[in-house]
Amino acid sequence: MSKIISLDTSYAGTLELPTQHAKQILTQIRKREIEGADLLGWLHLPHQSKETIEQIKAVAQQLRTSCSHIVCVGIGGSYIGARAIIEALSDAPFSNIEGGKAPILLYAGHNLDEEYLYQLLNLLEGTTFGIVYISKSGNTTEPAIAFRFLKQLLEKNVGKEKASELIVAVTDSKQGSLLKLAQKEGYTTFHIPKDVGGRFSVLSPVGLLPIAIAGYDIEDLLAGARLMEEQVGLEVDIEKNIAIHYACLRNVLYRGGKKVELLVAQTPRLHSLLEWWKQLFGESEGKNNQGLLPHSALFTTDLHSLGQWIQEGDPLLFETIIHIQESVKTLSIPSEREDIDQLNYLSDKSVSWVNQQAIEGTIMAHAHRGVPVLRINMLQINERSLGALIYFFQIAVTFSCYLLEVNPFDQPGVEEYKKNMFTLLGKPEYRE
Ligand code: PA5
C-alpha cells in the first residue's frame, strides 16, 4: 500500500539522530508519564463519534442555507487551522468558496485592526449572516471585541431571536465567558475537549465546523488523519515512524547550528497552512531560550525575493519542502506559430511539470550550497492528504518539543504579554 505521506531525506546530509532519546519519550508518552500528558487528547480526534460528525454537518448545512456570509471569530489555534484547510481546498483567490454557491466565509477576531473590523461590519450591514465564535478559554480579548460588534449588528439586521439561531459557539464545556453567554442566549454550542489545546484542535469542532460550512468533506479529513495514525501513531516503532524521524532530524540540525526551519510550499493555496505550521511549531517549541524559528516561503514566488538569501546568505537555515506530486487541475502550455517569447520548447508540458523542475533545480542549488533540504511528499492536495499532514505535524512537533525537554502544550510567554496588555488596558482584576 502506498503511503499517504513520505519523507525524503536524500538532501539532508548524513546525520546522527537522537533515536535513543526519542525512544524514551515514546515510552513516557505511551505511559502518559510526561509533562503535558493531560493535553494529549488530540491523538484521538481522528476517531470522533459519528454522532458528533453528524451534528457538525447538520449545523453547517443549516448555516449554509440561511446565510449569505458566515464569520468565523477566533484567534491562534481557534482560527488558523480551519482557514489553512479551507484555503488549501478552495479556488481562492478567484472564488471564496467552492462552486461560488455557498455562503462567503470571512474571519474576524484574529487581529485588533480597527479598519478591518470597520470594513467587515460595513460589508455585513443589512445582510443575514452567521457567526461561529470559537474560543477555548472563552475569554480571549481579540475575538471577544469582534464578537460584541458582530452580535450587535446581527441583532440589528435580523432581530435578537433570529440572531441567536445564527450564532454558534465552540468552547470549553465547563468554563469561560463564551460558555456563559452561549447558555444565556441559547446559542448552539460545540465543546472543545478539555485535553485538547488550541493549536492541536483543528480536527475537533474548532476546525471541523468551519471546514464543513465551507463545503468540504470532514469525514475524509478525519480518514486521512487515521491513515496517518497508522503510519506515525504511538503504536508505530520509532524506526518506521516518519514524523518522529522528522522531529529527530530537526533536533540534530538545530543542535548542529541551524536556527531557522523554512517550510516551503509550491502553491499559494498552502499559504495559510504555512501560517498554521508556524503557529503550531512556534508556540509549542519556542521556550527556555530554545527552538528553531519557524519561517516559511512560497516557491517560486519567493525565489525572486528570499531565494538569493537562502542561496548565499548566513547559513543558519534548513528547508522543509511540502512537495505536492500531482496537480488536481491540468494546464498544458500552448504552442505559438511564431515563437517570439521562445517558449515553444515547453509546448504541451503542464505548468505543474515546469513548477516541479523549478523546485528540483532549487533543491539541488540549495543543497549544493550547504542548506539541508527535507522533503515531505504528498500525491495531491485533498481532504485526506491534508488530514494526514496535520496529524503528521502534530506528532512531529510533540517529539520535537520533548527532544528539547520543553512542554509542547503550554505557552507561558503568551500569558505574559496578555498580563501586560490587561494592566495597560486597565482591566479591573489587573489594576494595582
Ligand atoms: O494554541 C493555543 O493554545 C493558542 O494559540 C490559542 O488557540 C489562542 O490563544 C486562542 O485561545 P482561545 O481559544 O482560548 O480564545
# chains A, B, ... in the order shown; residues from 1 in each chain; ligands from 1
call {"tool": "residues_near_ligand", "arguments": {"ligand": "ligand 1", "cutoff": "7 Å", "atoms": "only C-alpha atoms and all ligand atoms", "output": "list in words"}}
result
Gly74, Ile75, Gly76, Gly77, Ser78, Ile134, Ser135, Lys136, Ser137, Gly138, Asn139, Thr140, Gly197, Gly198, Arg199, Phe200 and Glu283 of chain A
call {"tool": "residues_around", "arguments": {"residues": "Arg337 in chain A", "least_positions_apart": "6", "cutoff": "12 Å", "atoms": "only C-alpha atoms", "output": "PyMOL selection string"}}
result
chain A and resi 343-344+347
call {"tool": "write_last_selection", "arguments": {"atoms": "C-alpha atoms", "output": "compact mmCIF listing (two decimals), in the first residue's frame"}}
result
# COMPACT_ATOMS: atom_id res chain seq x y z
CA LEU A 343 8.54 29.15 -25.01
CA ASN A 344 7.76 26.54 -27.66
CA SER A 347 4.75 23.25 -25.58
call {"tool": "select_by_dssp", "arguments": {"residues": "range 64-218 of chain A", "states": "strand (DSSP E)", "output": "list in words"}}
result
His69, Ile70, Val71, Cys72, Val73, Ile104, Leu105, Leu106, Tyr107, Ala108, Phe129, Gly130, Ile131, Val132, Tyr133, Ile134, Ile167, Val168, Ala169, Val170, Thr171, Thr188, Thr189, Phe190 and His191 of chain A
call {"tool": "write_last_selection", "arguments": {"atoms": "N, CA and C atoms", "output": "mmCIF file, in the first residue's frame"}}
result
data_model
loop_
_atom_site.group_PDB
_atom_site.id
_atom_site.type_symbol
_atom_site.label_atom_id
_atom_site.label_comp_id
_atom_site.auth_asym_id
_atom_site.auth_seq_id
_atom_site.Cartn_x
_atom_site.Cartn_y
_atom_site.Cartn_z
ATOM 1 N N HIS A 69 -23.321 35.230 4.350
ATOM 2 C CA HIS A 69 -21.930 35.277 4.805
ATOM 3 C C HIS A 69 -21.856 34.572 6.161
ATOM 4 N N ILE A 70 -20.718 33.963 6.417
ATOM 5 C CA ILE A 70 -20.508 33.402 7.765
ATOM 6 C C ILE A 70 -19.148 33.875 8.271
ATOM 7 N N VAL A 71 -19.168 34.436 9.477
ATOM 8 C CA VAL A 71 -17.927 34.971 10.025
ATOM 9 C C VAL A 71 -17.404 34.016 11.101
ATOM 10 N N CYS A 72 -16.185 33.537 10.902
ATOM 11 C CA CYS A 72 -15.540 32.711 11.930
ATOM 12 C C CYS A 72 -14.741 33.648 12.817
ATOM 13 N N VAL A 73 -15.087 33.662 14.090
ATOM 14 C CA VAL A 73 -14.432 34.570 15.036
ATOM 15 C C VAL A 73 -13.510 33.754 15.937
ATOM 16 N N ILE A 104 -20.358 33.139 1.783
ATOM 17 C CA ILE A 104 -18.974 33.626 1.786
ATOM 18 C C ILE A 104 -18.433 33.526 3.209
ATOM 19 N N LEU A 105 -17.282 32.908 3.331
ATOM 20 C CA LEU A 105 -16.688 32.713 4.657
ATOM 21 C C LEU A 105 -15.704 33.839 4.946
ATOM 22 N N LEU A 106 -15.848 34.440 6.118
ATOM 23 C CA LEU A 106 -14.985 35.567 6.489
ATOM 24 C C LEU A 106 -14.405 35.296 7.881
ATOM 25 N N TYR A 107 -13.378 36.038 8.220
ATOM 26 C CA TYR A 107 -12.713 35.810 9.512
ATOM 27 C C TYR A 107 -12.655 37.112 10.304
ATOM 28 N N ALA A 108 -12.794 37.012 11.604
ATOM 29 C CA ALA A 108 -12.688 38.190 12.476
ATOM 30 C C ALA A 108 -12.133 37.743 13.819
ATOM 31 N N PHE A 129 -26.272 37.166 8.179
ATOM 32 C CA PHE A 129 -25.016 36.416 8.252
ATOM 33 C C PHE A 129 -24.999 35.517 9.479
ATOM 34 N N GLY A 130 -24.073 34.577 9.472
ATOM 35 C CA GLY A 130 -23.928 33.683 10.622
ATOM 36 C C GLY A 130 -22.607 33.973 11.334
ATOM 37 N N ILE A 131 -22.540 33.586 12.593
ATOM 38 C CA ILE A 131 -21.289 33.769 13.340
ATOM 39 C C ILE A 131 -20.914 32.442 14.000
ATOM 40 N N VAL A 132 -19.682 32.012 13.762
ATOM 41 C CA VAL A 132 -19.151 30.866 14.503
ATOM 42 C C VAL A 132 -18.050 31.432 15.398
ATOM 43 N N TYR A 133 -18.334 31.486 16.685
ATOM 44 C CA TYR A 133 -17.416 32.102 17.646
ATOM 45 C C TYR A 133 -16.664 30.979 18.361
ATOM 46 N N ILE A 134 -15.354 30.946 18.115
ATOM 47 C CA ILE A 134 -14.543 29.837 18.622
ATOM 48 C C ILE A 134 -13.508 30.357 19.618
ATOM 49 N N ILE A 167 -26.009 32.113 15.525
ATOM 50 C CA ILE A 167 -24.716 32.181 16.225
ATOM 51 C C ILE A 167 -24.400 30.809 16.817
ATOM 52 N N VAL A 168 -23.208 30.329 16.539
ATOM 53 C CA VAL A 168 -22.768 29.045 17.103
ATOM 54 C C VAL A 168 -21.519 29.300 17.934
ATOM 55 N N ALA A 169 -21.472 28.715 19.105
ATOM 56 C CA ALA A 169 -20.294 28.857 19.972
ATOM 57 C C ALA A 169 -19.524 27.543 19.998
ATOM 58 N N VAL A 170 -18.205 27.643 19.956
ATOM 59 C CA VAL A 170 -17.349 26.462 20.121
ATOM 60 C C VAL A 170 -16.404 26.795 21.267
ATOM 61 N N THR A 171 -16.556 26.103 22.378
ATOM 62 C CA THR A 171 -15.804 26.490 23.574
ATOM 63 C C THR A 171 -15.687 25.330 24.569
ATOM 64 N N THR A 188 -26.444 27.478 19.788
ATOM 65 C CA THR A 188 -25.958 26.121 19.556
ATOM 66 C C THR A 188 -24.490 26.091 19.952
ATOM 67 N N THR A 189 -24.102 25.055 20.695
ATOM 68 C CA THR A 189 -22.728 25.037 21.219
ATOM 69 C C THR A 189 -22.055 23.688 20.966
ATOM 70 N N PHE A 190 -20.805 23.764 20.531
ATOM 71 C CA PHE A 190 -19.958 22.562 20.454
ATOM 72 C C PHE A 190 -18.840 22.716 21.479
ATOM 73 N N HIS A 191 -18.458 21.608 22.084
ATOM 74 C CA HIS A 191 -17.420 21.692 23.116
ATOM 75 C C HIS A 191 -16.063 21.221 22.612
#
call {"tool": "closest_residue", "arguments": {"among": "A:Pro193, A:Gly207, A:Gly36, A:Gly233", "to": "Ala388 in chain A", "atoms": "only C-alpha atoms"}}
result
A:Gly233
call {"tool": "atom_distance", "arguments": {"atom1": "CA of Ile218 in chain A", "atom2": "CA of Glu383 in chain A"}}
result
7.4 Å
call {"tool": "closest_residue", "arguments": {"among": "A:Thr320, A:Asn111, A:Phe299, A:Phe422", "to": "Gly361 in chain A", "atoms": "only C-alpha atoms"}}
result
A:Phe299
call {"tool": "select_by_dssp", "arguments": {"residues": "range 266-410 of chain A", "states": "helix (DSSP H, G or I)", "output": "PyMOL selection string"}}
result
chain A and resi 268-285+301-304+306-312+344-346+351-368+383-403
call {"tool": "write_last_selection", "arguments": {"atoms": "C-alpha atoms", "output": "PDB file, in the first residue's frame"}}
result
ATOM      1  CA  PRO A 268      -0.172  29.784  -2.841  1.00  0.00           C
ATOM      2  CA  ARG A 269      -3.154  27.715  -1.750  1.00  0.00           C
ATOM      3  CA  LEU A 270      -0.951  26.424   1.082  1.00  0.00           C
ATOM      4  CA  HIS A 271      -0.174  29.929   2.347  1.00  0.00           C
ATOM      5  CA  SER A 272      -2.385  29.615   5.439  1.00  0.00           C
ATOM      6  CA  LEU A 273      -1.182  26.085   6.048  1.00  0.00           C
ATOM      7  CA  LEU A 274       2.320  27.512   6.374  1.00  0.00           C
ATOM      8  CA  GLU A 275       0.891  30.005   8.879  1.00  0.00           C
ATOM      9  CA  TRP A 276      -0.792  27.174  10.802  1.00  0.00           C
ATOM     10  CA  TRP A 277       2.518  25.273  10.905  1.00  0.00           C
ATOM     11  CA  LYS A 278       4.357  28.383  12.161  1.00  0.00           C
ATOM     12  CA  GLN A 279       1.834  28.771  14.946  1.00  0.00           C
ATOM     13  CA  LEU A 280       1.962  25.074  15.852  1.00  0.00           C
ATOM     14  CA  PHE A 281       5.733  24.881  15.988  1.00  0.00           C
ATOM     15  CA  GLY A 282       6.450  28.421  17.202  1.00  0.00           C
ATOM     16  CA  GLU A 283       4.056  28.440  20.118  1.00  0.00           C
ATOM     17  CA  SER A 284       4.942  24.879  21.098  1.00  0.00           C
ATOM     18  CA  GLU A 285       8.707  24.848  20.767  1.00  0.00           C
ATOM     19  CA  THR A 301       7.248  33.463  -5.856  1.00  0.00           C
ATOM     20  CA  ASP A 302       9.818  33.823  -3.085  1.00  0.00           C
ATOM     21  CA  LEU A 303      12.673  32.550  -5.210  1.00  0.00           C
ATOM     22  CA  HIS A 304      12.560  36.059  -6.636  1.00  0.00           C
ATOM     23  CA  LEU A 306      14.221  35.257  -0.408  1.00  0.00           C
ATOM     24  CA  GLY A 307      15.865  32.891  -2.909  1.00  0.00           C
ATOM     25  CA  GLN A 308      19.066  34.907  -3.032  1.00  0.00           C
ATOM     26  CA  TRP A 309      19.292  34.974   0.773  1.00  0.00           C
ATOM     27  CA  ILE A 310      18.701  31.234   1.065  1.00  0.00           C
ATOM     28  CA  GLN A 311      21.336  30.565  -1.560  1.00  0.00           C
ATOM     29  CA  GLU A 312      24.081  32.878  -0.346  1.00  0.00           C
ATOM     30  CA  ASN A 344       7.760  26.538 -27.663  1.00  0.00           C
ATOM     31  CA  TYR A 345      10.317  24.217 -26.075  1.00  0.00           C
ATOM     32  CA  LEU A 346       7.743  23.865 -23.291  1.00  0.00           C
ATOM     33  CA  VAL A 351       2.523  24.163 -15.745  1.00  0.00           C
ATOM     34  CA  SER A 352       2.920  21.880 -12.734  1.00  0.00           C
ATOM     35  CA  TRP A 353       5.710  19.973 -14.522  1.00  0.00           C
ATOM     36  CA  VAL A 354       7.517  23.270 -15.020  1.00  0.00           C
ATOM     37  CA  ASN A 355       6.917  24.073 -11.334  1.00  0.00           C
ATOM     38  CA  GLN A 356       8.404  20.686 -10.323  1.00  0.00           C
ATOM     39  CA  GLN A 357      11.533  21.307 -12.393  1.00  0.00           C
ATOM     40  CA  ALA A 358      11.936  24.729 -10.780  1.00  0.00           C
ATOM     41  CA  ILE A 359      11.695  23.141  -7.325  1.00  0.00           C
ATOM     42  CA  GLU A 360      14.107  20.322  -8.227  1.00  0.00           C
ATOM     43  CA  GLY A 361      16.605  22.834  -9.550  1.00  0.00           C
ATOM     44  CA  THR A 362      16.232  24.900  -6.394  1.00  0.00           C
ATOM     45  CA  ILE A 363      16.703  21.932  -4.078  1.00  0.00           C
ATOM     46  CA  MET A 364      19.895  20.972  -5.901  1.00  0.00           C
ATOM     47  CA  ALA A 365      21.222  24.533  -5.740  1.00  0.00           C
ATOM     48  CA  HIS A 366      20.413  24.927  -2.053  1.00  0.00           C
ATOM     49  CA  ALA A 367      21.801  21.540  -1.060  1.00  0.00           C
ATOM     50  CA  HIS A 368      24.955  22.293  -3.070  1.00  0.00           C
ATOM     51  CA  GLU A 383      -9.128  16.394   2.390  1.00  0.00           C
ATOM     52  CA  ARG A 384      -7.380  13.076   3.054  1.00  0.00           C
ATOM     53  CA  SER A 385      -3.857  14.273   2.452  1.00  0.00           C
ATOM     54  CA  LEU A 386      -4.457  17.438   4.490  1.00  0.00           C
ATOM     55  CA  GLY A 387      -5.872  15.424   7.411  1.00  0.00           C
ATOM     56  CA  ALA A 388      -2.771  13.249   7.198  1.00  0.00           C
ATOM     57  CA  LEU A 389      -0.426  16.236   7.081  1.00  0.00           C
ATOM     58  CA  ILE A 390      -1.995  17.773  10.173  1.00  0.00           C
ATOM     59  CA  TYR A 391      -1.579  14.583  12.162  1.00  0.00           C
ATOM     60  CA  PHE A 392       1.989  14.177  10.896  1.00  0.00           C
ATOM     61  CA  PHE A 393       2.982  17.668  12.033  1.00  0.00           C
ATOM     62  CA  GLN A 394       1.234  17.327  15.397  1.00  0.00           C
ATOM     63  CA  ILE A 395       3.150  14.143  16.194  1.00  0.00           C
ATOM     64  CA  ALA A 396       6.360  15.741  14.912  1.00  0.00           C
ATOM     65  CA  VAL A 397       6.034  18.899  16.987  1.00  0.00           C
ATOM     66  CA  THR A 398       5.297  16.882  20.118  1.00  0.00           C
ATOM     67  CA  PHE A 399       8.511  14.887  19.737  1.00  0.00           C
ATOM     68  CA  SER A 400      10.468  17.985  18.671  1.00  0.00           C
ATOM     69  CA  CYS A 401       9.477  19.689  21.912  1.00  0.00           C
ATOM     70  CA  TYR A 402      10.163  16.732  24.141  1.00  0.00           C
ATOM     71  CA  LEU A 403      13.579  16.300  22.483  1.00  0.00           C
TER      72      LEU A 403
END
call {"tool": "residues_around", "arguments": {"residues": "Lys50 in chain A", "least_positions_apart": "6", "cutoff": "12 Å", "atoms": "only C-alpha atoms", "output": "PyMOL selection string"}}
result
chain A and resi 56-57+218-219+222
call {"tool": "atom_distance", "arguments": {"atom1": "CA of Val206 in chain A", "atom2": "CA of Gly109 in chain A"}}
result
14.4 Å
call {"tool": "residues_around", "arguments": {"residues": "range 120-122 of chain A", "least_positions_apart": "4", "cutoff": "8 Å", "atoms": "only C-alpha atoms", "output": "MDAnalysis selection string"}}
result
chainID A and resid 116 149:150 153
call {"tool": "closest_residue", "arguments": {"among": "A:Leu317, A:Leu374, A:Ile53, A:Ile322", "to": "Pro294 in chain A", "atoms": "only C-alpha atoms"}}
result
A:Leu317
call {"tool": "atom_distance", "arguments": {"atom1": "CA of Gln152 in chain A", "atom2": "CA of Tyr118 in chain A"}}
result
13.5 Å
call {"tool": "closest_residue", "arguments": {"among": "A:Ile85, A:Leu209, A:Ile321, A:Val260", "to": "Tyr11 in chain A", "atoms": "only C-alpha atoms"}}
result
A:Ile321
